[in-house]
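Q: What follows is query_11.txt, made up of compact mmCIF, C-alpha atoms (C1' of nucleotides):
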```
# COMPACT_ATOMS: atom_id res chain seq x y z
CA MET I 125 73.76 114.93 108.53
CA VAL I 126 74.61 112.50 111.35
CA VAL I 127 77.01 110.68 109.01
CA ASP I 128 77.97 107.02 108.98
CA GLN I 129 79.07 105.95 112.45
CA LEU I 130 81.31 103.12 111.30
CA ARG I 131 83.17 105.21 108.83
CA ASP I 132 83.39 108.04 111.33
CA ALA I 133 85.01 105.84 113.94
CA ASP I 134 87.44 104.47 111.35
CA LEU I 135 88.38 107.94 110.20
CA ASP I 136 88.83 109.04 113.80
CA ARG I 137 91.25 106.18 114.42
CA LEU I 138 93.00 106.76 111.11
CA PHE I 139 93.65 110.47 111.56
CA GLN I 140 94.38 110.01 115.24
CA ALA I 141 97.02 107.43 114.30
CA PHE I 142 98.62 109.90 111.90
CA ALA I 143 98.54 112.73 114.45
CA ASP I 144 101.87 111.78 115.99
CA ALA I 145 105.31 112.17 114.42
CA THR I 146 106.66 108.96 115.92
CA ARG I 147 103.79 106.95 114.50
CA ARG I 148 104.13 108.55 111.07
CA ASP I 149 107.80 107.68 111.16
CA ILE I 150 107.02 104.08 112.12
CA VAL I 151 104.65 103.76 109.17
CA THR I 152 107.31 105.17 106.86
CA ARG I 153 109.87 102.71 108.19
CA VAL I 154 107.70 99.63 107.93
CA THR I 155 106.60 100.45 104.39
CA ALA I 156 110.31 100.38 103.52
CA GLY I 157 111.40 97.24 105.33
CA GLU I 158 110.93 94.76 108.11
CA TYR I 159 111.23 95.78 111.73
CA SER I 160 110.67 94.00 114.98
CA VAL I 161 109.11 96.06 117.75
CA SER I 162 112.45 96.34 119.52
CA GLY I 163 114.12 97.09 116.17
CA LEU I 164 111.78 100.05 115.83
CA ALA I 165 112.30 101.07 119.45
CA GLU I 166 116.05 101.52 118.86
CA HIS I 167 115.33 104.56 116.71
CA TYR I 168 113.36 106.60 119.19
CA ALA I 169 114.28 108.38 122.39
CA MET I 170 111.60 106.68 124.43
CA SER I 171 111.04 103.39 126.20
CA PHE I 172 110.29 100.12 124.48
CA ALA I 173 106.86 100.11 126.10
CA ALA I 174 106.06 103.52 124.59
CA VAL I 175 106.93 102.29 121.10
CA GLN I 176 104.88 99.18 121.77
CA LYS I 177 101.90 101.42 122.48
CA HIS I 178 102.42 103.43 119.31
CA VAL I 179 102.47 100.21 117.30
CA ALA I 180 99.26 99.17 119.04
CA VAL I 181 97.60 102.43 117.97
CA LEU I 182 98.66 101.83 114.37
CA GLU I 183 97.38 98.27 114.63
CA ARG I 184 93.97 99.41 115.86
CA ALA I 185 93.84 101.82 112.93
CA SER I 186 94.58 98.88 110.60
CA LEU I 187 97.72 100.56 109.31
CA VAL I 188 100.14 97.85 110.38
CA THR I 189 100.02 94.19 111.34
CA LYS I 190 102.25 92.14 113.61
CA GLU I 191 103.46 88.66 112.89
CA ARG I 192 105.38 86.57 115.35
CA ARG I 193 108.66 85.14 114.19
CA GLY I 194 110.45 83.28 116.92
CA ARG I 195 110.69 85.54 119.89
CA GLU I 196 110.32 88.64 117.75
CA GLN I 197 107.15 90.32 116.59
CA ILE I 198 107.57 91.63 113.05
CA VAL I 199 105.69 94.84 112.26
CA ARG I 200 104.53 95.22 108.68
CA ALA I 201 102.57 97.77 106.74
CA HIS I 202 99.02 96.55 106.30
CA HIS I 203 98.41 97.16 102.65
CA ASP I 204 94.64 96.90 102.70
CA GLY I 205 94.58 99.39 105.56
CA LEU I 206 96.91 101.81 103.82
CA GLN I 207 94.93 101.55 100.62
CA ARG I 208 91.72 102.12 102.51
CA ALA I 209 93.33 105.13 104.16
CA ARG I 210 94.35 106.47 100.78
CA ARG I 211 90.85 106.02 99.39
CA LEU I 212 89.26 107.78 102.33
CA LEU I 213 91.73 110.65 102.11
CA ASP I 214 91.08 110.86 98.37
CA GLU I 215 87.34 111.11 98.91
CA TYR I 216 87.64 113.91 101.41
CA GLU I 217 90.24 115.64 99.38
CA THR I 218 88.09 115.42 96.26
CA ILE I 219 85.09 116.99 97.94
CA TRP I 220 87.15 119.77 99.41
CA ARG I 221 89.19 120.41 96.29
CA GLN I 222 86.14 120.55 94.07
CA ARG I 223 84.49 123.03 96.35
CA ALA I 224 87.69 125.03 96.76
CA ASP I 225 88.12 125.12 93.00
CA ARG I 226 84.55 126.25 92.53
CA ILE I 227 85.07 129.02 95.05
CA ALA I 228 88.37 129.96 93.39
CA ASP I 229 86.50 130.23 90.10
CA ILE I 230 83.84 132.44 91.63
CA LEU I 231 86.50 134.67 93.14
CA ALA I 232 88.28 134.82 89.78
CA GLU I 233 85.06 135.91 88.07
CA GLY I 234 84.37 138.63 90.57
CA MET E 1181 115.97 110.72 111.46
CA VAL E 1182 114.75 113.39 113.89
CA VAL E 1183 112.67 114.99 111.11
CA ASP E 1184 111.71 118.61 110.69
CA GLN E 1185 110.22 119.94 113.91
CA LEU E 1186 108.14 122.68 112.29
CA ARG E 1187 106.59 120.41 109.77
CA ASP E 1188 106.05 117.76 112.42
CA ALA E 1189 104.14 120.14 114.65
CA ASP E 1190 102.06 121.34 111.70
CA LEU E 1191 101.25 117.80 110.69
CA ASP E 1192 100.35 116.92 114.27
CA ARG E 1193 97.89 119.81 114.40
CA LEU E 1194 96.56 119.01 110.95
CA PHE E 1195 95.84 115.34 111.53
CA GLN E 1196 94.66 116.02 115.06
CA ALA E 1197 92.18 118.52 113.65
CA PHE E 1198 90.87 115.90 111.23
CA ALA E 1199 90.61 113.25 113.94
CA ASP E 1200 87.11 114.29 115.00
CA ALA E 1201 83.91 113.77 113.04
CA THR E 1202 82.39 117.06 114.14
CA ARG E 1203 85.42 118.99 112.94
CA ARG E 1204 85.50 117.16 109.61
CA ASP E 1205 81.84 118.01 109.20
CA ILE E 1206 82.51 121.66 110.00
CA VAL E 1207 85.24 121.79 107.35
CA THR E 1208 82.88 120.21 104.84
CA ARG E 1209 80.18 122.75 105.66
CA VAL E 1210 82.38 125.81 105.44
CA THR E 1211 83.91 124.73 102.16
CA ALA E 1212 80.35 124.75 100.82
CA GLY E 1213 79.05 128.01 102.25
CA GLU E 1214 79.16 130.68 104.91
CA TYR E 1215 78.43 129.89 108.52
CA SER E 1216 78.58 131.89 111.70
CA VAL E 1217 79.77 130.00 114.77
CA SER E 1218 76.22 129.82 116.11
CA GLY E 1219 75.00 128.87 112.64
CA LEU E 1220 77.34 125.90 112.79
CA ALA E 1221 76.37 125.11 116.38
CA GLU E 1222 72.72 124.60 115.36
CA HIS E 1223 73.69 121.45 113.51
CA TYR E 1224 75.33 119.59 116.37
CA ALA E 1225 74.01 118.01 119.53
CA MET E 1226 76.41 119.86 121.77
CA SER E 1227 76.77 123.24 123.38
CA PHE E 1228 77.72 126.43 121.56
CA ALA E 1229 80.94 126.55 123.59
CA ALA E 1230 81.92 123.07 122.43
CA VAL E 1231 81.49 124.05 118.78
CA GLN E 1232 83.45 127.21 119.49
CA LYS E 1233 86.30 125.03 120.72
CA HIS E 1234 86.18 122.83 117.64
CA VAL E 1235 86.39 125.90 115.44
CA ALA E 1236 89.37 127.07 117.49
CA VAL E 1237 91.14 123.76 116.85
CA LEU E 1238 90.54 124.12 113.11
CA GLU E 1239 91.79 127.69 113.29
CA ARG E 1240 95.02 126.65 115.02
CA ALA E 1241 95.50 124.04 112.29
CA SER E 1242 95.06 126.82 109.69
CA LEU E 1243 92.10 125.03 108.16
CA VAL E 1244 89.56 127.80 108.73
CA THR E 1245 89.59 131.51 109.44
CA LYS E 1246 87.11 133.68 111.28
CA GLU E 1247 85.99 137.12 110.17
CA ARG E 1248 83.79 139.34 112.25
CA ARG E 1249 80.68 140.68 110.58
CA GLY E 1250 78.58 142.69 112.94
CA ARG E 1251 77.93 140.61 116.01
CA GLU E 1252 78.57 137.41 114.14
CA GLN E 1253 81.87 135.68 113.48
CA ILE E 1254 81.91 134.15 110.01
CA VAL E 1255 83.86 130.90 109.67
CA ARG E 1256 85.44 130.29 106.29
CA ALA E 1257 87.63 127.61 104.80
CA HIS E 1258 91.20 128.84 104.71
CA HIS E 1259 92.24 127.90 101.23
CA ASP E 1260 95.97 128.23 101.74
CA GLY E 1261 95.68 125.96 104.73
CA LEU E 1262 93.59 123.40 102.88
CA GLN E 1263 95.97 123.46 99.94
CA ARG E 1264 98.89 123.01 102.27
CA ALA E 1265 97.08 120.10 103.88
CA ARG E 1266 96.50 118.56 100.48
CA ARG E 1267 100.13 118.93 99.51
CA LEU E 1268 101.34 117.33 102.72
CA LEU E 1269 98.93 114.44 102.38
CA ASP E 1270 100.02 114.01 98.77
CA GLU E 1271 103.67 113.80 99.78
CA TYR E 1272 103.03 111.18 102.40
CA GLU E 1273 100.70 109.31 100.17
CA THR E 1274 103.22 109.31 97.34
CA ILE E 1275 105.99 107.87 99.50
CA TRP E 1276 103.74 105.21 100.89
CA ARG E 1277 102.10 104.33 97.61
CA GLN E 1278 105.40 103.99 95.80
CA ARG E 1279 106.72 101.71 98.47
CA ALA E 1280 103.48 99.76 98.65
CA ASP E 1281 103.50 99.35 94.88
CA ARG E 1282 107.08 98.14 94.96
CA ILE E 1283 106.22 95.61 97.64
CA ALA E 1284 103.12 94.53 95.73
CA ASP E 1285 105.33 93.93 92.69
CA ILE E 1286 107.75 91.86 94.72
CA LEU E 1287 104.90 89.81 96.13
CA ALA E 1288 103.49 89.34 92.62
CA GLU E 1289 106.85 88.07 91.39
CA GLY E 1290 107.22 85.59 94.21
C1' DC V 1430 119.95 74.35 132.63
C1' DT V 1431 120.90 79.33 132.77
C1' DA V 1432 121.16 83.74 131.17
C1' DT V 1433 119.65 86.90 127.83
C1' DT V 1434 116.40 88.82 124.65
C1' DC V 1435 111.91 90.12 123.14
C1' DT V 1436 107.35 90.90 124.17
C1' DA V 1437 103.07 91.70 126.95
C1' DC V 1438 100.76 94.02 130.25
C1' DA V 1439 99.58 96.38 134.55
C1' DA V 1440 99.92 100.44 137.35
C1' DC V 1441 100.83 104.91 137.59
C1' DC V 1442 101.30 109.97 136.22
C1' DA V 1443 100.92 114.55 133.87
C1' DA V 1444 98.94 116.80 130.24
C1' DA V 1445 95.65 117.20 126.58
C1' DT V 1446 90.81 116.46 124.83
C1' DG V 1447 86.05 117.02 124.49
C1' DG V 1448 82.54 118.17 126.84
C1' DT V 1449 79.77 121.11 130.38
C1' DT V 1450 77.94 125.51 132.87
C1' DG V 1451 78.32 130.20 134.02
C1' DT V 1452 79.59 135.01 133.45
C1' DA V 1453 80.36 139.04 130.84
C1' DG V 1454 81.06 142.14 126.76
C1' DA V 1455 79.43 143.65 122.01
C1' DT V 1456 76.15 144.38 118.75
C1' DC V 1457 71.64 144.56 116.93
C1' DA V 1458 66.28 144.98 116.98
C1' DG V 1459 62.35 147.43 118.52
C1' DC Y 653 67.08 152.53 126.52
C1' DT Y 654 65.99 147.55 126.90
C1' DG Y 655 66.12 143.02 125.70
C1' DA Y 656 67.72 139.48 122.80
C1' DT Y 657 71.59 137.50 120.26
C1' DC Y 658 76.29 136.29 119.37
C1' DT Y 659 80.70 135.60 121.01
C1' DA Y 660 84.58 135.02 124.34
C1' DC Y 661 86.46 132.94 128.06
C1' DA Y 662 87.05 130.86 132.62
C1' DA Y 663 86.34 127.01 135.59
C1' DC Y 664 85.38 122.53 136.06
C1' DC Y 665 85.06 117.41 135.01
C1' DA Y 666 85.78 112.72 132.98
C1' DT Y 667 88.32 110.36 129.70
C1' DT Y 668 92.12 109.69 126.65
C1' DT Y 669 96.88 110.18 125.49
C1' DG Y 670 101.71 109.62 125.70
C1' DG Y 671 104.90 108.66 128.57
C1' DT Y 672 107.14 106.01 132.62
C1' DT Y 673 108.63 101.78 135.59
C1' DG Y 674 108.09 97.18 137.00
C1' DT Y 675 106.84 92.36 136.62
C1' DA Y 676 106.35 88.17 134.17
C1' DG Y 677 106.22 84.81 130.29
C1' DA Y 678 108.32 82.80 125.83
C1' DA Y 679 111.89 81.89 122.90
C1' DT Y 680 116.77 81.75 121.91
C1' DA Y 681 121.86 81.39 122.83
C1' DG Y 682 125.60 79.23 125.08
```
Once you've parsed the file, please lay out its structure as structure tokens.

A:
Amino acid sequence: MVVDQLRDADLDRLFQAFADATRRDIVTRVTAGEYSVSGLAEHYAMSFAAVQKHVAVLERASLVTKERRGREQIVRAHHDGLQRARRLLDEYETIWRQRADRIADILAEG
Amino acid sequence: MVVDQLRDADLDRLFQAFADATRRDIVTRVTAGEYSVSGLAEHYAMSFAAVQKHVAVLERASLVTKERRGREQIVRAHHDGLQRARRLLDEYETIWRQRADRIADILAEG
DNA sequence: CTATTCTACAACCAAATGGTTGTAGATCAG
DNA sequence: CTGATCTACAACCATTTGGTTGTAGAATAG
């Protein structure tokens, strides 16, 4: 199974984006409210540029979008992206859970 | 919010482990049946050592375990680890979905 | 107009990642 | 015992990652 390249690359970017506590926190924040990039940066013990890069990673993973408003860039949760992420996680989770359940059943029988 | 360090590190390792197509494929395989490390390695266009490293990453993320059987090392899905992964993903997903739903409602009203 | 704020982006750096080859120790087959 | 197989691990390499500082351009405030 060489698997679907497109989907693979998307999943790579998705999980990679989630594999950092700062980025997960950013996603949590922007699903709750509006933040400019500098507004986000205030909350982390790192440079503005570093936060800018984290936002860029989330953007490439289609988890957030940016929209310019005056001199600020507003970061928002990208709902299509988040939904897509959920669906992909669900699929994986379903496969693994079904198999895990089947194995649990077999172990229970034994 | 400086968040829970332990959980953060676990989540980092978890998502990092998932952020590679080969590793996701390995997890899928070992949830379905038994594989030795070399048995797994047969399926990928990379060296045995590379696959060994991927398995090690999954092991550190508590997603698989290894058990020696003769000269082979059998790789198995670690069900506690997978369950834990599921629970963590569910939590995140719940937070995000609730917020996304709320926002969707607001947008629908407007 | 000027100063400040917000963003973009380049250059740089250390550490981690994902791969390789090579060597060596166990275990099994004949 | 000997040879083949399976694993472990070290050393190495190129690329990516996560951070930094510095420079420069747009937009706003006064």

Q: Over all C-alpha pairs taken in sequence order, what does chain E look like after a least-squares fit onto chain I? Please give it as a PDB file with C-alpha atoms, in the coordinates of the input.

A:
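To be explicit, this is the file written out as result-v7.pdb:
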```pdb
ATOM      1  CA  MET E1181      73.667 114.910 108.649  1.00  0.00           C
ATOM      2  CA  VAL E1182      74.570 112.429 111.396  1.00  0.00           C
ATOM      3  CA  VAL E1183      76.970 110.644 109.015  1.00  0.00           C
ATOM      4  CA  ASP E1184      77.962 107.009 108.979  1.00  0.00           C
ATOM      5  CA  GLN E1185      79.040 105.922 112.445  1.00  0.00           C
ATOM      6  CA  LEU E1186      81.294 103.084 111.294  1.00  0.00           C
ATOM      7  CA  ARG E1187      83.150 105.175 108.826  1.00  0.00           C
ATOM      8  CA  ASP E1188      83.369 108.012 111.325  1.00  0.00           C
ATOM      9  CA  ALA E1189      84.983 105.809 113.938  1.00  0.00           C
ATOM     10  CA  ASP E1190      87.405 104.411 111.360  1.00  0.00           C
ATOM     11  CA  LEU E1191      88.345 107.874 110.204  1.00  0.00           C
ATOM     12  CA  ASP E1192      88.802 109.014 113.795  1.00  0.00           C
ATOM     13  CA  ARG E1193      91.217 106.155 114.434  1.00  0.00           C
ATOM     14  CA  LEU E1194      92.964 106.711 111.125  1.00  0.00           C
ATOM     15  CA  PHE E1195      93.620 110.417 111.522  1.00  0.00           C
ATOM     16  CA  GLN E1196      94.355 110.000 115.210  1.00  0.00           C
ATOM     17  CA  ALA E1197      96.980 107.418 114.299  1.00  0.00           C
ATOM     18  CA  PHE E1198      98.587 109.864 111.876  1.00  0.00           C
ATOM     19  CA  ALA E1199      98.521 112.704 114.399  1.00  0.00           C
ATOM     20  CA  ASP E1200     101.861 111.762 115.953  1.00  0.00           C
ATOM     21  CA  ALA E1201     105.279 112.157 114.368  1.00  0.00           C
ATOM     22  CA  THR E1202     106.641 108.963 115.881  1.00  0.00           C
ATOM     23  CA  ARG E1203     103.775 106.935 114.460  1.00  0.00           C
ATOM     24  CA  ARG E1204     104.111 108.520 111.022  1.00  0.00           C
ATOM     25  CA  ASP E1205     107.790 107.663 111.127  1.00  0.00           C
ATOM     26  CA  ILE E1206     107.015 104.076 112.100  1.00  0.00           C
ATOM     27  CA  VAL E1207     104.630 103.741 109.151  1.00  0.00           C
ATOM     28  CA  THR E1208     107.286 105.149 106.843  1.00  0.00           C
ATOM     29  CA  ARG E1209     109.856 102.689 108.169  1.00  0.00           C
ATOM     30  CA  VAL E1210     107.689  99.610 107.902  1.00  0.00           C
ATOM     31  CA  THR E1211     106.578 100.442 104.390  1.00  0.00           C
ATOM     32  CA  ALA E1212     110.275 100.345 103.502  1.00  0.00           C
ATOM     33  CA  GLY E1213     111.378  97.204 105.312  1.00  0.00           C
ATOM     34  CA  GLU E1214     110.933  94.732 108.124  1.00  0.00           C
ATOM     35  CA  TYR E1215     111.217  95.784 111.730  1.00  0.00           C
ATOM     36  CA  SER E1216     110.671  94.017 115.003  1.00  0.00           C
ATOM     37  CA  VAL E1217     109.119  96.117 117.760  1.00  0.00           C
ATOM     38  CA  SER E1218     112.479  96.412 119.509  1.00  0.00           C
ATOM     39  CA  GLY E1219     114.119  97.116 116.155  1.00  0.00           C
ATOM     40  CA  LEU E1220     111.788 100.077 115.802  1.00  0.00           C
ATOM     41  CA  ALA E1221     112.313 101.129 119.418  1.00  0.00           C
ATOM     42  CA  GLU E1222     116.062 101.584 118.819  1.00  0.00           C
ATOM     43  CA  HIS E1223     115.338 104.587 116.642  1.00  0.00           C
ATOM     44  CA  TYR E1224     113.365 106.639 119.137  1.00  0.00           C
ATOM     45  CA  ALA E1225     114.292 108.450 122.313  1.00  0.00           C
ATOM     46  CA  MET E1226     111.629 106.753 124.369  1.00  0.00           C
ATOM     47  CA  SER E1227     111.062 103.496 126.162  1.00  0.00           C
ATOM     48  CA  PHE E1228     110.332 100.178 124.474  1.00  0.00           C
ATOM     49  CA  ALA E1229     106.887 100.187 126.097  1.00  0.00           C
ATOM     50  CA  ALA E1230     106.069 103.569 124.578  1.00  0.00           C
ATOM     51  CA  VAL E1231     106.940 102.331 121.088  1.00  0.00           C
ATOM     52  CA  GLN E1232     104.897  99.219 121.778  1.00  0.00           C
ATOM     53  CA  LYS E1233     101.925 101.467 122.489  1.00  0.00           C
ATOM     54  CA  HIS E1234     102.430 103.440 119.296  1.00  0.00           C
ATOM     55  CA  VAL E1235     102.481 100.218 117.314  1.00  0.00           C
ATOM     56  CA  ALA E1236      99.268  99.183 119.062  1.00  0.00           C
ATOM     57  CA  VAL E1237      97.602 102.428 117.972  1.00  0.00           C
ATOM     58  CA  LEU E1238      98.655 101.803 114.370  1.00  0.00           C
ATOM     59  CA  GLU E1239      97.380  98.249 114.653  1.00  0.00           C
ATOM     60  CA  ARG E1240      93.966  99.393 115.893  1.00  0.00           C
ATOM     61  CA  ALA E1241      93.834 101.797 112.944  1.00  0.00           C
ATOM     62  CA  SER E1242      94.580  98.839 110.625  1.00  0.00           C
ATOM     63  CA  LEU E1243      97.712 100.530 109.345  1.00  0.00           C
ATOM     64  CA  VAL E1244     100.153  97.823 110.421  1.00  0.00           C
ATOM     65  CA  THR E1245     100.023  94.173 111.387  1.00  0.00           C
ATOM     66  CA  LYS E1246     102.251  92.155 113.670  1.00  0.00           C
ATOM     67  CA  GLU E1247     103.487  88.650 112.957  1.00  0.00           C
ATOM     68  CA  ARG E1248     105.407  86.598 115.446  1.00  0.00           C
ATOM     69  CA  ARG E1249     108.694  85.158 114.271  1.00  0.00           C
ATOM     70  CA  GLY E1250     110.481  83.335 117.010  1.00  0.00           C
ATOM     71  CA  ARG E1251     110.757  85.634 119.978  1.00  0.00           C
ATOM     72  CA  GLU E1252     110.362  88.687 117.818  1.00  0.00           C
ATOM     73  CA  GLN E1253     107.174  90.347 116.635  1.00  0.00           C
ATOM     74  CA  ILE E1254     107.566  91.623 113.085  1.00  0.00           C
ATOM     75  CA  VAL E1255     105.684  94.829 112.274  1.00  0.00           C
ATOM     76  CA  ARG E1256     104.533  95.186 108.691  1.00  0.00           C
ATOM     77  CA  ALA E1257     102.552  97.739 106.754  1.00  0.00           C
ATOM     78  CA  HIS E1258      99.016  96.487 106.315  1.00  0.00           C
ATOM     79  CA  HIS E1259      98.414  97.168 102.675  1.00  0.00           C
ATOM     80  CA  ASP E1260      94.649  96.855 102.746  1.00  0.00           C
ATOM     81  CA  GLY E1261      94.577  99.336 105.577  1.00  0.00           C
ATOM     82  CA  LEU E1262      96.887 101.768 103.818  1.00  0.00           C
ATOM     83  CA  GLN E1263      94.886 101.483 100.620  1.00  0.00           C
ATOM     84  CA  ARG E1264      91.704 102.084 102.536  1.00  0.00           C
ATOM     85  CA  ALA E1265      93.312 105.112 104.141  1.00  0.00           C
ATOM     86  CA  ARG E1266      94.311 106.406 100.736  1.00  0.00           C
ATOM     87  CA  ARG E1267      90.826 105.948  99.357  1.00  0.00           C
ATOM     88  CA  LEU E1268      89.236 107.768 102.270  1.00  0.00           C
ATOM     89  CA  LEU E1269      91.680 110.639 102.021  1.00  0.00           C
ATOM     90  CA  ASP E1270      91.043 110.802  98.283  1.00  0.00           C
ATOM     91  CA  GLU E1271      87.297 111.064  98.820  1.00  0.00           C
ATOM     92  CA  TYR E1272      87.620 113.870 101.302  1.00  0.00           C
ATOM     93  CA  GLU E1273      90.212 115.587  99.246  1.00  0.00           C
ATOM     94  CA  THR E1274      88.059 115.369  96.136  1.00  0.00           C
ATOM     95  CA  ILE E1275      85.050 116.946  97.830  1.00  0.00           C
ATOM     96  CA  TRP E1276      87.121 119.711  99.290  1.00  0.00           C
ATOM     97  CA  ARG E1277      89.154 120.362  96.181  1.00  0.00           C
ATOM     98  CA  GLN E1278      86.103 120.552  93.960  1.00  0.00           C
ATOM     99  CA  ARG E1279      84.473 123.012  96.276  1.00  0.00           C
ATOM    100  CA  ALA E1280      87.673 124.987  96.711  1.00  0.00           C
ATOM    101  CA  ASP E1281      88.118 125.124  92.948  1.00  0.00           C
ATOM    102  CA  ARG E1282      84.559 126.317  92.500  1.00  0.00           C
ATOM    103  CA  ILE E1283      85.092 129.039  95.076  1.00  0.00           C
ATOM    104  CA  ALA E1284      88.407 129.995  93.488  1.00  0.00           C
ATOM    105  CA  ASP E1285      86.589 130.363  90.164  1.00  0.00           C
ATOM    106  CA  ILE E1286      83.945 132.560  91.727  1.00  0.00           C
ATOM    107  CA  LEU E1287      86.607 134.722  93.325  1.00  0.00           C
ATOM    108  CA  ALA E1288      88.439 134.946  89.990  1.00  0.00           C
ATOM    109  CA  GLU E1289      85.260 136.105  88.268  1.00  0.00           C
ATOM    110  CA  GLY E1290      84.555 138.780  90.835  1.00  0.00           C
TER     111      GLY E1290
END
```

Q: Compile the residues of chain I that lie within 8 Å of chain E, evaluated using only C-alpha atoms, and express the compilation as a PyMOL selection string.

A: chain I and resi 132+135-140+142-145+152+155-156+203+210+217+219-220+223-224

Q: What is the CA of Ile150 in chain I-CA of Ala1241 in chain E distance in Å, reported with one decimal?

A: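 CA of Ile150 in chain I sits 23.0 Å away from CA of Ala1241 in chain E.
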
Q: Record the distance separating C1' of DT1452 in chain V and C1' of DA666 in chain Y, expressed in Å with one decimal.

A: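 Separation of C1' of DT1452 in chain V and C1' of DA666 in chain Y: 23.1 Å.
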
Q: Near chain I, which residues of chain Y fall within 9 Å when you count all atoms listed in the file, and what do they look like as JSON, numbers by chain?

A: {"Y": [670, 671, 672, 678, 679, 680]}

Q: Give me a file of those residues, with C-alpha atoms (C1' of nucleotides), as a short mmCIF file (atom, residue, chain, number, x, y, z; two decimals), keeping the file's coordinate frame.

A:
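The result, stored in selection.cif:
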```cif
data_model
loop_
_atom_site.label_atom_id
_atom_site.label_comp_id
_atom_site.auth_asym_id
_atom_site.auth_seq_id
_atom_site.Cartn_x
_atom_site.Cartn_y
_atom_site.Cartn_z
"C1'" DG Y 670 101.71 109.62 125.70
"C1'" DG Y 671 104.90 108.66 128.57
"C1'" DT Y 672 107.14 106.01 132.62
"C1'" DA Y 678 108.32 82.80 125.83
"C1'" DA Y 679 111.89 81.89 122.90
"C1'" DT Y 680 116.77 81.75 121.91
#
```

Q: What is the C1' of DA676 in chain Y-C1' of DT1433 in chain V distance in Å, reported with one decimal?

A: 14.8 Å

Q: At a cut-off of 9 Å, list the chain V residues touching chain E, using all atoms listed in the file, as a ChimeraX atom specification.

A: /V:1447-1449,1455-1457

Q: Using only C-alpha atoms (C1' of nucleotides), can you list as a ChimeraX atom specification the residues within 6 Å of (106.5, 88.0, 126.9)?

A: /V:1436-1437 /Y:677-678

Q: Could I see range 198-211 of chain I restored to N, CA and C atoms, set down as a PDB file, in the frame of the given file?

A:
```pdb
ATOM      1  N   ILE I 198     107.234  90.816 114.213  1.00  0.00           N
ATOM      2  CA  ILE I 198     107.570  91.630 113.050  1.00  0.00           C
ATOM      3  C   ILE I 198     106.407  92.567 112.711  1.00  0.00           C
ATOM      4  N   VAL I 199     106.702  93.840 112.596  1.00  0.00           N
ATOM      5  CA  VAL I 199     105.690  94.840 112.260  1.00  0.00           C
ATOM      6  C   VAL I 199     105.744  95.097 110.761  1.00  0.00           C
ATOM      7  N   ARG I 200     104.591  94.988 110.125  1.00  0.00           N
ATOM      8  CA  ARG I 200     104.530  95.220 108.680  1.00  0.00           C
ATOM      9  C   ARG I 200     103.433  96.202 108.346  1.00  0.00           C
ATOM     10  N   ALA I 201     103.631  96.916 107.252  1.00  0.00           N
ATOM     11  CA  ALA I 201     102.570  97.770 106.740  1.00  0.00           C
ATOM     12  C   ALA I 201     101.401  96.896 106.321  1.00  0.00           C
ATOM     13  N   HIS I 202     100.213  97.293 106.701  1.00  0.00           N
ATOM     14  CA  HIS I 202      99.020  96.550 106.300  1.00  0.00           C
ATOM     15  C   HIS I 202      98.472  97.188 105.045  1.00  0.00           C
ATOM     16  N   HIS I 203      98.682  96.507 103.917  1.00  0.00           N
ATOM     17  CA  HIS I 203      98.410  97.160 102.650  1.00  0.00           C
ATOM     18  C   HIS I 203      96.943  97.501 102.435  1.00  0.00           C
ATOM     19  N   ASP I 204      96.064  96.600 102.823  1.00  0.00           N
ATOM     20  CA  ASP I 204      94.640  96.900 102.700  1.00  0.00           C
ATOM     21  C   ASP I 204      94.316  98.164 103.485  1.00  0.00           C
ATOM     22  N   GLY I 205      94.848  98.226 104.712  1.00  0.00           N
ATOM     23  CA  GLY I 205      94.580  99.390 105.560  1.00  0.00           C
ATOM     24  C   GLY I 205      95.106 100.663 104.942  1.00  0.00           C
ATOM     25  N   LEU I 206      96.327 100.608 104.432  1.00  0.00           N
ATOM     26  CA  LEU I 206      96.910 101.810 103.820  1.00  0.00           C
ATOM     27  C   LEU I 206      96.114 102.225 102.592  1.00  0.00           C
ATOM     28  N   GLN I 207      95.725 101.228 101.808  1.00  0.00           N
ATOM     29  CA  GLN I 207      94.930 101.550 100.620  1.00  0.00           C
ATOM     30  C   GLN I 207      93.613 102.187 101.010  1.00  0.00           C
ATOM     31  N   ARG I 208      92.995 101.586 102.040  1.00  0.00           N
ATOM     32  CA  ARG I 208      91.720 102.120 102.510  1.00  0.00           C
ATOM     33  C   ARG I 208      91.915 103.558 102.979  1.00  0.00           C
ATOM     34  N   ALA I 209      93.013 103.785 103.696  1.00  0.00           N
ATOM     35  CA  ALA I 209      93.330 105.130 104.160  1.00  0.00           C
ATOM     36  C   ALA I 209      93.454 106.076 102.969  1.00  0.00           C
ATOM     37  N   ARG I 210      94.172 105.630 101.960  1.00  0.00           N
ATOM     38  CA  ARG I 210      94.350 106.470 100.780  1.00  0.00           C
ATOM     39  C   ARG I 210      93.007 106.816 100.162  1.00  0.00           C
ATOM     40  N   ARG I 211      92.156 105.798 100.034  1.00  0.00           N
ATOM     41  CA  ARG I 211      90.850 106.020  99.390  1.00  0.00           C
ATOM     42  C   ARG I 211      90.023 107.028 100.177  1.00  0.00           C
TER      43      ARG I 211
END
```
